[in-house]
Each structure stands twice: as structure tokens, then as C-alpha cells.
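The structure under discussion appears below in the form of C-alpha cells.
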Amino acid sequence: TLMVDEKGKNMKCLTFFLMLPETVKNRSKKNSKKGNSSTSSSSKLPPVCYEIITLKTKKKKKMAADIFPRKKPANTNTTAVQQYHQQNLNNNNTIPAPNWQGLYPTIRERNAVMFNNDLMADVHFVVGPPGGTQRLPGHKYVLAVGSSVFHAMFYGELAEDKDEIRIPDVEPAAFLAMLKYIYCDEIDLAADTVLATLYAAKKYIVPHLARACVNFLETSLSAKNACVLLSQSCLFEEPDLTQRCWEVIDAQAELALKSEGFCDIDFQTLESILRRETLNAKEIVVFEAALNWAEVECQRQELTATIENKRKVLGKALYLIRIPTMALDDFANGAAQSGILTLNETNDIFLWYTAAKKPELQFVSKPRKGLVPQRCHRFQSCAYRSNQWRYRGRCDSIQFAVDKRVFIAGFGLYGSSCGSAEYSAKIELKRQGVILGQNLSKYFSDGSSNTFPVWFEYPVQIEPDTFYTASVILDGNELSYFGQEGMTEVQCGKVTVQFQCSSDSTNGTGVQGGQIPELIFYA
């Protein structure tokens, strides 16, 4: 039909005649009763109602999401939508309303209703190991669109027409997380299931979900879980995650080795850690960590945790521990009395420490290289005056941010400007008021304008693009040097560091001058 709008312009329109369902029903019943009735009898039927709908055609097509922007449903439908969502989560609840589709304006939302829903399901999965299975509904078309593995399973040349598929190697929660992504385009990850979800995403080739899992793991990576994630990243062939794990393990080696997760790694990962040249840890800590792992491994193999069995499960990995590089006190009071070494090995190592002619050892005798700390110096010059810089228990503080993840090992501080002196330093590192690391130590300055390092007990992990507060409270009788011509941004290797003043500073330190001239870090 051709219509004219209010401005007199022609509009092309499409007109549809929709027969109301109730009318069709009445006509159908009456026709079946009368059979081949005459035209006159049929004309006595109630008049058929028609509804005329006129749709304007436009050149540009719009998707449902453009026409119906996402917003809260009207009050009349809110309860129904919430009810369907709850049914959707509870599983196996079909939607009773005949017009549930009308509650959701976009195909994405209507598709999401089918997630974990028996309505129109044409396949079911029995997911999980025996004794912990869960039966989950699926829709072949949706699954095939979301995964090439499902496509091959349901529509490939070797497709099998099964109503029920068993998947014993995937956890139900992880499988549901993958289905939620496929159906709803939503990524819902949790710390306790992300590894299992990554396994499911890899198995069914859902790359974007797998990438999201890796990103989640990288952002939650810490010394506590780095060893376990290292093991898993090698299994899943994720080199970027593997590299991130090594960065954390190298820089925070002692924390990583003392973590509970270290005892859960496999033997191959244990060997790779013990071989690591850049491991930033005392060798006695490495030795004790290996013994802890051996004890747990005995339990896994259902062996009594005797000295003999510990040595048995360690195997050749024992010789990767660089026992001859320990401090003599650590060896004498630790490794030598552990019982894990034979009498000959103990004697030979003692001779290695003391004899001019050293015996040959099966253990690696070359010290680890560890990590070389980097120093970010924020002042262009330093000075001293007769009345500055004085310490009376007040705080010197500065805020900083980095563009890459680093590990702050300590601060470089100025010393006395009046000859040799000793200072007591309480250093602290905070993020949004939360203390991440602190330490109380002493350092001796020789009267020069050099900086003197003060270390945290363990390096502190610093995330990019977030400001942290570095603080120190010094106690000393002598005046010290102080920095001048401070820079707001410093490029240190591949790391860019920004500085700004801190409200915690009560002794005069700021961006332009003061104490804390250096940040010492691993990157």
C-alpha cells in the first residue's frame, strides 16, 4: 500500500492481516461439524476479525538491541523475569508462561533464558566424576555455535546421536561456567573454579573464555599460588601465564617456597624450580621446602613419611639443592642434622667448606645468580644544611605508581652529613591505607652523600597504575643529607615510575625534596 505522511511525502508500507487465534478456533470447530456445507450456511458463522498492522520500511536495519536498549523491565513484568532467572539457576524448570519471549527484547537475553534450562533441550550432559555428577541440559544448536568441538560432536561427519553424554573429567561448576558464557555471553569466574573452567575452555576450544581465565589468574597471582599456577600453566600450554608465574617465584622465592601450594606441585615442576638460577632465596629455605614437599608426596603415594621414603620420592631432585652454597651455620644446624643426607655426603660437604683440597660432590656447588635489584633515583642532586634534615620520630613519606608489575625490595635512604652515624629505620609500604610490608632495621652511614639500602623482609608485589605510599621513620642524632630537584616521573629500565606528595609525610619530604631518594625493586 502507499500512504502519505503529515508532510505530504509518500511512504511505502507493508500491511499484514492477522487472523485472531480464537476466531480460527471457532471456525475450525464449526466447519468440522457441518462438513461440506453450503455457502449460505457458512456465512452464518461469526464474522472473522482481522487486525491490521502497518510497518514502515526503512533503509537502515536495526537490531533488537538498538530498538530496545537494555533497561529494567516494567513493573508488571519484573516479578516474572526474576522468577524465570531463578528457575534458570535451579535447573530443570521449564518456563510455563506462553509468552515468555515477550519479556526479553534482545536475542541475547532470550538465548540466555535457555541456559541450564530443560525447555527445548535436545541433549543432556552428565558432568563430573562418579559420585559427584550433575545432569545438565543443553541445546545442540547453541552449543555448536559456541564451540567447534560441540559442532563436530553434534553436526560433524562422525556425529553420534546421543541423548545423554558423560563428561567425567570436568567439574560441574566449571562446565556451567562455560555454558553460561556460550549461552549468555557472560564470564563468571571464581578463584576456586577458574582452573577447572580453564580446563573446560581448552577442552572444548572456547578461546575467549580461556583468555579470560588466564587474565583472571594473572591478576590474582601471588606468592601463595604461584607454584601451583606454574604447574597448571605448563599443563595448559599458556606461556604468558608461565612467565608471570616465574616472575613472582623468582622475586618472592622464599614466600613461594614456604606456601602451602608449593607442596601440591608435581615432580616435574619441583625439578624446574630447584634448577632455577634466578631463584631469589637462601638455600636453606630451598632445602626445607623440598623436605616439606617430600613429606606431602609420601602421603600422596600412601607411604610412611620416613627419612628413607622422603629421600626416595625426592630422587635425583635432591642433588639440585645447592647445599654446598649454604652458610656454614645453616648447613651445620639444618641440612647436616636433617637425616636426609648420608654420612659420606655430610662429611664431604663439611670438607668442602673447610679443606683446601675440596672433594667432588654430586650436589650443585655453584651459587644461584638470583636477581639483580634495580634502583629508581628520584632526585637530581642532594645537599645538607646546618638545620636540615633532622629526625624526631616524624614520618617521611612519598607516593609512587609504576606502569608494570614490580617487586619493591626496599628503599635507599640518605645518611649523616656530619660524619659516620647509625640510624634506626622503620620502613613501611601501604596501598590505600593497608600495610603491605614493613620492617625495622638499622643502617650505618659513612658520612658520604651516597644512599644506603634498607630492606623489607620479603619483596612486596606492586601492581601497575595504582599509587602506593612509601614511608620511613628515622631515629638518629645526626643531621642527614636530603634530596633536591625532585622529578615527578622517572624512567628506570623498562619501568616508568611516577611520584606525588603524600599526606602521611610530616617531616617535609615531598616530590621536590627530602628523604627516600630511591626505590629498590625487582622487575
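Just remember, in the C-alpha cells the first chain shown is A, the second B, etc., residues are 1-based per chain, and ligands are 1-based in the order shown.
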
Requested in this report: Could you pull out the residues in region 84-204 of chain A that DSSP calls alpha helix (DSSP H) from the backbone, as an NGL selection string?
Outcome: :A and (84-90 or 107-113 or 140-146 or 148-155 or 172-184 or 194-203)

For the selection just defined, write its residues with N, CA and C atoms to a file, as a compact mmCIF listing (two decimals), in the first residue's frame.
# COMPACT_ATOMS: atom_id res chain seq x y z
N TYR A 84 11.82 -16.29 36.32
CA TYR A 84 12.45 -17.10 35.28
C TYR A 84 13.94 -17.24 35.50
N HIS A 85 14.59 -16.14 35.95
CA HIS A 85 16.01 -16.21 36.25
C HIS A 85 16.28 -17.22 37.36
N GLN A 86 15.41 -17.24 38.38
CA GLN A 86 15.60 -18.18 39.47
C GLN A 86 15.42 -19.60 38.99
N GLN A 87 14.40 -19.81 38.14
CA GLN A 87 14.19 -21.14 37.57
C GLN A 87 15.41 -21.56 36.76
N ASN A 88 15.95 -20.59 36.04
CA ASN A 88 17.12 -20.84 35.20
C ASN A 88 18.30 -21.32 36.03
N LEU A 89 18.50 -20.74 37.21
CA LEU A 89 19.62 -21.14 38.07
C LEU A 89 19.37 -22.49 38.72
N ASN A 90 18.11 -22.77 39.03
CA ASN A 90 17.79 -24.01 39.74
C ASN A 90 17.84 -25.23 38.83
N ILE A 107 17.76 -10.87 21.32
CA ILE A 107 18.03 -12.29 21.11
C ILE A 107 19.01 -12.82 22.14
N ARG A 108 19.92 -11.96 22.57
CA ARG A 108 20.90 -12.38 23.59
C ARG A 108 20.20 -12.74 24.89
N GLU A 109 19.23 -11.92 25.28
CA GLU A 109 18.52 -12.19 26.53
C GLU A 109 17.63 -13.41 26.41
N ARG A 110 16.98 -13.57 25.25
CA ARG A 110 16.12 -14.75 25.07
C ARG A 110 16.95 -16.01 25.02
N ASN A 111 18.11 -15.92 24.41
CA ASN A 111 19.01 -17.07 24.36
C ASN A 111 19.50 -17.44 25.76
N ALA A 112 19.73 -16.41 26.59
CA ALA A 112 20.21 -16.65 27.95
C ALA A 112 19.19 -17.40 28.79
N VAL A 113 17.91 -17.25 28.47
CA VAL A 113 16.88 -17.97 29.21
C VAL A 113 17.05 -19.48 29.07
N LYS A 140 21.70 -28.27 21.21
CA LYS A 140 22.78 -28.56 20.29
C LYS A 140 23.15 -27.35 19.42
N TYR A 141 22.14 -26.66 18.92
CA TYR A 141 22.43 -25.53 18.02
C TYR A 141 23.24 -24.46 18.74
N VAL A 142 22.80 -24.11 19.94
CA VAL A 142 23.50 -23.06 20.70
C VAL A 142 24.93 -23.49 21.02
N LEU A 143 25.09 -24.73 21.44
CA LEU A 143 26.42 -25.24 21.79
C LEU A 143 27.34 -25.29 20.57
N ALA A 144 26.80 -25.70 19.43
CA ALA A 144 27.60 -25.79 18.21
C ALA A 144 28.05 -24.42 17.73
N VAL A 145 27.21 -23.41 17.94
CA VAL A 145 27.59 -22.05 17.56
C VAL A 145 28.73 -21.54 18.45
N GLY A 146 28.77 -22.00 19.70
CA GLY A 146 29.75 -21.50 20.65
C GLY A 146 31.05 -22.28 20.71
N SER A 148 33.61 -25.24 18.45
CA SER A 148 33.85 -26.12 17.29
C SER A 148 33.83 -27.59 17.70
N VAL A 149 34.17 -27.87 18.95
CA VAL A 149 34.12 -29.25 19.43
C VAL A 149 32.68 -29.74 19.51
N PHE A 150 31.80 -28.91 20.04
CA PHE A 150 30.38 -29.27 20.09
C PHE A 150 29.81 -29.38 18.68
N HIS A 151 30.26 -28.53 17.76
CA HIS A 151 29.79 -28.59 16.38
C HIS A 151 30.15 -29.94 15.76
N ALA A 152 31.40 -30.36 15.97
CA ALA A 152 31.82 -31.66 15.44
C ALA A 152 31.07 -32.80 16.13
N MET A 153 30.80 -32.63 17.41
CA MET A 153 30.12 -33.66 18.19
C MET A 153 28.68 -33.88 17.72
N PHE A 154 28.00 -32.78 17.34
CA PHE A 154 26.58 -32.87 17.02
C PHE A 154 26.29 -32.84 15.52
N TYR A 155 27.16 -32.17 14.73
CA TYR A 155 26.85 -31.98 13.30
C TYR A 155 27.99 -32.42 12.38
N PRO A 172 31.39 -30.01 37.47
CA PRO A 172 30.10 -29.41 37.11
C PRO A 172 30.10 -27.89 37.14
N ALA A 173 30.70 -27.30 38.18
CA ALA A 173 30.72 -25.84 38.29
C ALA A 173 31.47 -25.20 37.12
N ALA A 174 32.55 -25.84 36.68
CA ALA A 174 33.33 -25.32 35.56
C ALA A 174 32.56 -25.46 34.25
N PHE A 175 31.87 -26.58 34.09
CA PHE A 175 31.08 -26.80 32.87
C PHE A 175 29.95 -25.79 32.80
N LEU A 176 29.33 -25.50 33.94
CA LEU A 176 28.27 -24.50 33.98
C LEU A 176 28.81 -23.11 33.63
N ALA A 177 30.00 -22.80 34.12
CA ALA A 177 30.61 -21.51 33.79
C ALA A 177 30.84 -21.38 32.29
N MET A 178 31.26 -22.48 31.66
CA MET A 178 31.46 -22.45 30.21
C MET A 178 30.13 -22.32 29.48
N LEU A 179 29.11 -23.06 29.93
CA LEU A 179 27.79 -22.95 29.31
C LEU A 179 27.23 -21.53 29.46
N LYS A 180 27.46 -20.93 30.60
CA LYS A 180 26.95 -19.57 30.82
C LYS A 180 27.58 -18.60 29.83
N TYR A 181 28.85 -18.80 29.53
CA TYR A 181 29.50 -17.94 28.54
C TYR A 181 28.91 -18.19 27.15
N ILE A 182 28.71 -19.45 26.79
CA ILE A 182 28.19 -19.79 25.46
C ILE A 182 26.76 -19.28 25.28
N TYR A 183 25.93 -19.44 26.30
CA TYR A 183 24.52 -19.06 26.20
C TYR A 183 24.30 -17.56 26.44
N CYS A 184 24.96 -17.02 27.44
CA CYS A 184 24.64 -15.66 27.92
C CYS A 184 25.68 -14.63 27.52
N VAL A 194 38.37 -21.39 38.73
CA VAL A 194 38.90 -20.83 37.50
C VAL A 194 39.82 -21.80 36.77
N LEU A 195 40.61 -22.58 37.49
CA LEU A 195 41.49 -23.55 36.82
C LEU A 195 40.67 -24.64 36.12
N ALA A 196 39.64 -25.10 36.79
CA ALA A 196 38.77 -26.12 36.17
C ALA A 196 38.03 -25.54 34.97
N THR A 197 37.66 -24.26 35.05
CA THR A 197 36.99 -23.60 33.92
C THR A 197 37.96 -23.45 32.76
N LEU A 198 39.20 -23.13 33.06
CA LEU A 198 40.22 -23.04 32.01
C LEU A 198 40.39 -24.38 31.31
N TYR A 199 40.38 -25.46 32.10
CA TYR A 199 40.49 -26.80 31.51
C TYR A 199 39.32 -27.07 30.57
N ALA A 200 38.10 -26.72 31.01
CA ALA A 200 36.92 -26.94 30.17
C ALA A 200 36.98 -26.10 28.90
N ALA A 201 37.41 -24.83 29.04
CA ALA A 201 37.50 -23.94 27.88
C ALA A 201 38.54 -24.44 26.88
N LYS A 202 39.63 -25.00 27.38
CA LYS A 202 40.65 -25.56 26.49
C LYS A 202 40.13 -26.83 25.81
N LYS A 203 39.46 -27.66 26.57
CA LYS A 203 38.98 -28.94 26.03
C LYS A 203 37.97 -28.72 24.90

Requested in this report: Might you pull out every residue within 7 Å of Ser365 (chain A), with only C-alpha atoms counted and same-chain residues fewer than 2 positions away left off, and present them as a PyMOL selection string?
Outcome: chain A and resi 322+324-325+363+367

Query raised in the report: Near Phe482 (chain A), counting only C-alpha atoms, which residues have an atom at most 10 Å away, once you skip same-chain residues fewer than 5 positions from it, shown as a PyMOL selection string?
Result: chain A and resi 379+381-385+388-390+413-417+449+509+513-517

Query raised in the report: Between A:Phe400, A:Phe216, A:Tyr104, A:Phe350, which is the closest to Tyr468 (chain A) once you count only C-alpha atoms?
Result: A:Phe400

Query - Contacts of Ala281 (chain A) within 10 Å, only C-alpha atoms, excl. fewer than 5 positions in-chain, as an MDAnalysis selection string - result: chainID A and resid 249:257 286 368 370:371 458

**Report entry** Backbone DSSP call of strand (DSSP E or B) for region 86-330 of chain A, listed as a VMD selection string
**Finding:** chain A and resid 123 to 127 134 to 138 164 to 167

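Take the candidates A:Ile321, A:Leu241, A:Cys234, A:Val402 and check each one against Cys376 (chain A) using only C-alpha atoms; the shortest distance goes to A:Val402.
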
Report task. Excluding Pro168 (chain A) and any residue of its chain fewer than 2 positions from it, enumerate the residues within 10 Å of it, using only C-alpha atoms, and give them as JSON, numbers by chain. Result -> {"A": [125, 126, 127, 128, 129, 130, 132, 133, 165, 166, 170, 171, 172]}

Selected residues, N, CA, C and O atoms, written as a CSV table (one decimal), in the first residue's frame, please.
chain,number,residue,atom,x,y,z
A,125,PHE,N,24.0,-33.6,29.6
A,125,PHE,CA,25.3,-33.9,29.9
A,125,PHE,C,25.3,-34.4,31.4
A,125,PHE,O,24.8,-33.8,32.3
A,126,VAL,N,26.0,-35.5,31.6
A,126,VAL,CA,26.3,-36.0,33.0
A,126,VAL,C,27.7,-35.6,33.3
A,126,VAL,O,28.6,-36.3,32.8
A,127,VAL,N,27.9,-34.6,34.1
A,127,VAL,CA,29.2,-34.0,34.3
A,127,VAL,C,29.7,-34.3,35.6
A,127,VAL,O,29.0,-34.2,36.6
A,128,GLY,N,31.0,-34.6,35.7
A,128,GLY,CA,31.7,-34.8,37.0
A,128,GLY,C,32.1,-36.2,37.2
A,128,GLY,O,31.6,-37.1,36.5
A,129,PRO,N,33.0,-36.4,38.2
A,129,PRO,CA,33.5,-37.8,38.5
A,129,PRO,C,32.4,-38.6,39.1
A,129,PRO,O,31.4,-38.0,39.6
A,130,PRO,N,32.5,-39.9,39.1
A,130,PRO,CA,31.5,-40.8,39.8
A,130,PRO,C,31.3,-40.4,41.2
A,130,PRO,O,32.3,-40.1,42.0
A,132,GLY,N,29.9,-37.6,42.1
A,132,GLY,CA,29.8,-36.2,42.2
A,132,GLY,C,29.3,-35.6,40.9
A,132,GLY,O,29.6,-34.5,40.5
A,133,THR,N,28.4,-36.3,40.2
A,133,THR,CA,27.9,-35.9,38.9
A,133,THR,C,26.7,-35.0,39.0
A,133,THR,O,26.0,-34.9,40.0
A,165,ILE,N,25.3,-37.5,27.3
A,165,ILE,CA,26.7,-37.5,27.1
A,165,ILE,C,27.4,-37.4,28.5
A,165,ILE,O,27.1,-36.5,29.2
A,166,ARG,N,28.3,-38.3,28.7
A,166,ARG,CA,29.0,-38.3,30.0
A,166,ARG,C,30.4,-37.6,29.9
A,166,ARG,O,31.1,-37.9,29.0
A,170,VAL,N,35.4,-33.2,33.8
A,170,VAL,CA,35.2,-31.8,34.0
A,170,VAL,C,34.3,-31.6,35.2
A,170,VAL,O,33.3,-32.3,35.4
A,171,GLU,N,34.6,-30.6,36.1
A,171,GLU,CA,33.8,-30.3,37.2
A,171,GLU,C,32.5,-29.7,36.8
A,171,GLU,O,32.5,-28.8,35.9
A,172,PRO,N,31.4,-30.0,37.5
A,172,PRO,CA,30.1,-29.4,37.1
A,172,PRO,C,30.1,-27.9,37.1
A,172,PRO,O,29.6,-27.2,36.2

Query - Distance query Pro239 (chain A) at most 12 Å, only C-alpha atoms, self and fewer than 6 positions along chain excluded, as a list in words - result: Val214, Glu218, Leu229, Leu230, Ser231, Gln232, Ser233, Cys245 and Trp246 of chain A

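Separating CA of Gln484 (chain A) from CA of Ala401 (chain A) is a distance of 20.2 Å.
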
Please provide as a PDB file with N, CA and C atoms, in the first residue's frame all residues within 12 Å of Asn292 (chain A), with the sequence filter that same-chain residues fewer than 2 positions apart are discarded (counting only C-alpha atoms).
ATOM      1  N   LEU A 257      58.129 -20.593  48.286  1.00  0.00           N
ATOM      2  CA  LEU A 257      58.597 -21.900  48.747  1.00  0.00           C
ATOM      3  C   LEU A 257      57.969 -22.281  50.085  1.00  0.00           C
ATOM      4  N   LYS A 258      57.611 -21.297  50.893  1.00  0.00           N
ATOM      5  CA  LYS A 258      57.006 -21.578  52.196  1.00  0.00           C
ATOM      6  C   LYS A 258      55.487 -21.712  52.125  1.00  0.00           C
ATOM      7  N   SER A 259      54.905 -21.452  50.970  1.00  0.00           N
ATOM      8  CA  SER A 259      53.452 -21.519  50.822  1.00  0.00           C
ATOM      9  C   SER A 259      52.965 -22.968  50.816  1.00  0.00           C
ATOM     10  N   GLU A 260      51.707 -23.153  51.205  1.00  0.00           N
ATOM     11  CA  GLU A 260      51.115 -24.491  51.187  1.00  0.00           C
ATOM     12  C   GLU A 260      51.018 -25.034  49.767  1.00  0.00           C
ATOM     13  N   GLY A 261      50.808 -24.121  48.813  1.00  0.00           N
ATOM     14  CA  GLY A 261      50.657 -24.555  47.430  1.00  0.00           C
ATOM     15  C   GLY A 261      51.901 -25.211  46.858  1.00  0.00           C
ATOM     16  N   PHE A 262      53.070 -24.878  47.411  1.00  0.00           N
ATOM     17  CA  PHE A 262      54.302 -25.479  46.904  1.00  0.00           C
ATOM     18  C   PHE A 262      54.278 -26.995  47.060  1.00  0.00           C
ATOM     19  N   CYS A 263      53.690 -27.481  48.136  1.00  0.00           N
ATOM     20  CA  CYS A 263      53.649 -28.927  48.389  1.00  0.00           C
ATOM     21  C   CYS A 263      52.687 -29.655  47.459  1.00  0.00           C
ATOM     22  N   ASP A 264      51.860 -28.911  46.713  1.00  0.00           N
ATOM     23  CA  ASP A 264      50.880 -29.539  45.818  1.00  0.00           C
ATOM     24  C   ASP A 264      51.370 -29.679  44.390  1.00  0.00           C
ATOM     25  N   ILE A 265      52.575 -29.208  44.097  1.00  0.00           N
ATOM     26  CA  ILE A 265      53.059 -29.267  42.719  1.00  0.00           C
ATOM     27  C   ILE A 265      53.518 -30.676  42.366  1.00  0.00           C
ATOM     28  N   LEU A 270      58.609 -29.344  40.513  1.00  0.00           N
ATOM     29  CA  LEU A 270      59.589 -29.271  41.600  1.00  0.00           C
ATOM     30  C   LEU A 270      61.005 -29.196  41.039  1.00  0.00           C
ATOM     31  N   VAL A 285      66.306 -22.284  52.818  1.00  0.00           N
ATOM     32  CA  VAL A 285      64.855 -22.211  52.588  1.00  0.00           C
ATOM     33  C   VAL A 285      64.455 -23.173  51.475  1.00  0.00           C
ATOM     34  N   VAL A 286      65.274 -23.255  50.428  1.00  0.00           N
ATOM     35  CA  VAL A 286      65.016 -24.201  49.334  1.00  0.00           C
ATOM     36  C   VAL A 286      65.053 -25.634  49.875  1.00  0.00           C
ATOM     37  N   PHE A 287      66.034 -25.929  50.711  1.00  0.00           N
ATOM     38  CA  PHE A 287      66.182 -27.268  51.287  1.00  0.00           C
ATOM     39  C   PHE A 287      64.961 -27.640  52.132  1.00  0.00           C
ATOM     40  N   GLU A 288      64.537 -26.749  52.990  1.00  0.00           N
ATOM     41  CA  GLU A 288      63.397 -27.031  53.862  1.00  0.00           C
ATOM     42  C   GLU A 288      62.113 -27.192  53.056  1.00  0.00           C
ATOM     43  N   ALA A 289      61.963 -26.405  52.005  1.00  0.00           N
ATOM     44  CA  ALA A 289      60.778 -26.519  51.159  1.00  0.00           C
ATOM     45  C   ALA A 289      60.727 -27.879  50.459  1.00  0.00           C
ATOM     46  N   ALA A 290      61.884 -28.357  50.001  1.00  0.00           N
ATOM     47  CA  ALA A 290      61.938 -29.665  49.342  1.00  0.00           C
ATOM     48  C   ALA A 290      61.561 -30.783  50.309  1.00  0.00           C
ATOM     49  N   ALA A 294      58.427 -33.375  50.050  1.00  0.00           N
ATOM     50  CA  ALA A 294      58.641 -34.825  50.118  1.00  0.00           C
ATOM     51  C   ALA A 294      57.697 -35.475  51.124  1.00  0.00           C
ATOM     52  N   GLU A 295      57.450 -34.797  52.230  1.00  0.00           N
ATOM     53  CA  GLU A 295      56.541 -35.354  53.239  1.00  0.00           C
ATOM     54  C   GLU A 295      55.120 -35.476  52.697  1.00  0.00           C
ATOM     55  N   VAL A 296      54.661 -34.451  52.000  1.00  0.00           N
ATOM     56  CA  VAL A 296      53.316 -34.488  51.413  1.00  0.00           C
ATOM     57  C   VAL A 296      53.246 -35.508  50.280  1.00  0.00           C
ATOM     58  N   GLU A 297      54.332 -35.621  49.524  1.00  0.00           N
ATOM     59  CA  GLU A 297      54.369 -36.597  48.430  1.00  0.00           C
ATOM     60  C   GLU A 297      54.289 -38.017  48.970  1.00  0.00           C
ATOM     61  N   CYS A 298      54.899 -38.263  50.111  1.00  0.00           N
ATOM     62  CA  CYS A 298      54.774 -39.583  50.744  1.00  0.00           C
ATOM     63  C   CYS A 298      53.320 -39.891  51.053  1.00  0.00           C
ATOM     64  N   GLN A 299      52.586 -38.918  51.532  1.00  0.00           N
ATOM     65  CA  GLN A 299      51.159 -39.110  51.814  1.00  0.00           C
ATOM     66  C   GLN A 299      50.389 -39.390  50.542  1.00  0.00           C
ATOM     67  N   ALA A 305      55.996 -41.375  56.114  1.00  0.00           N
ATOM     68  CA  ALA A 305      56.928 -40.263  55.880  1.00  0.00           C
ATOM     69  C   ALA A 305      58.217 -40.443  56.670  1.00  0.00           C
ATOM     70  N   ILE A 307      62.529 -40.909  56.778  1.00  0.00           N
ATOM     71  CA  ILE A 307      63.648 -40.269  56.085  1.00  0.00           C
ATOM     72  C   ILE A 307      63.944 -40.982  54.766  1.00  0.00           C
ATOM     73  N   LYS A 310      61.241 -40.186  52.177  1.00  0.00           N
ATOM     74  CA  LYS A 310      61.370 -38.813  51.697  1.00  0.00           C
ATOM     75  C   LYS A 310      62.477 -38.716  50.650  1.00  0.00           C
ATOM     76  N   ARG A 311      63.586 -39.364  50.954  1.00  0.00           N
ATOM     77  CA  ARG A 311      64.696 -39.341  50.007  1.00  0.00           C
ATOM     78  C   ARG A 311      64.315 -40.086  48.720  1.00  0.00           C
ATOM     79  N   VAL A 313      61.250 -40.345  47.333  1.00  0.00           N
ATOM     80  CA  VAL A 313      60.352 -39.568  46.470  1.00  0.00           C
ATOM     81  C   VAL A 313      61.065 -38.353  45.872  1.00  0.00           C
ATOM     82  N   LEU A 314      62.078 -37.840  46.566  1.00  0.00           N
ATOM     83  CA  LEU A 314      62.851 -36.732  46.002  1.00  0.00           C
ATOM     84  C   LEU A 314      63.724 -37.191  44.850  1.00  0.00           C
ATOM     85  N   SER A 338      69.446 -33.093  59.421  1.00  0.00           N
ATOM     86  CA  SER A 338      68.107 -33.463  58.950  1.00  0.00           C
ATOM     87  C   SER A 338      67.937 -34.970  58.794  1.00  0.00           C
TER      88      SER A 338
END

Requested in this report: Using CA of Ser471 (chain A) and CA of Gln438 (chain A) as the two end points, give the distance in Å to one decimal.
Outcome: 9.3 Å

Requested in this report: Grab the CA of Asp163 (chain A) to CA of Ile205 (chain A) distance for me, in Å with one decimal place.
Outcome: 22.0 Å

Query raised in the report: Counting only C-alpha atoms, which of A:Tyr481, A:Phe331, A:Tyr319, A:Phe467 gets nearest to Ile398 (chain A)?
Result: A:Phe467
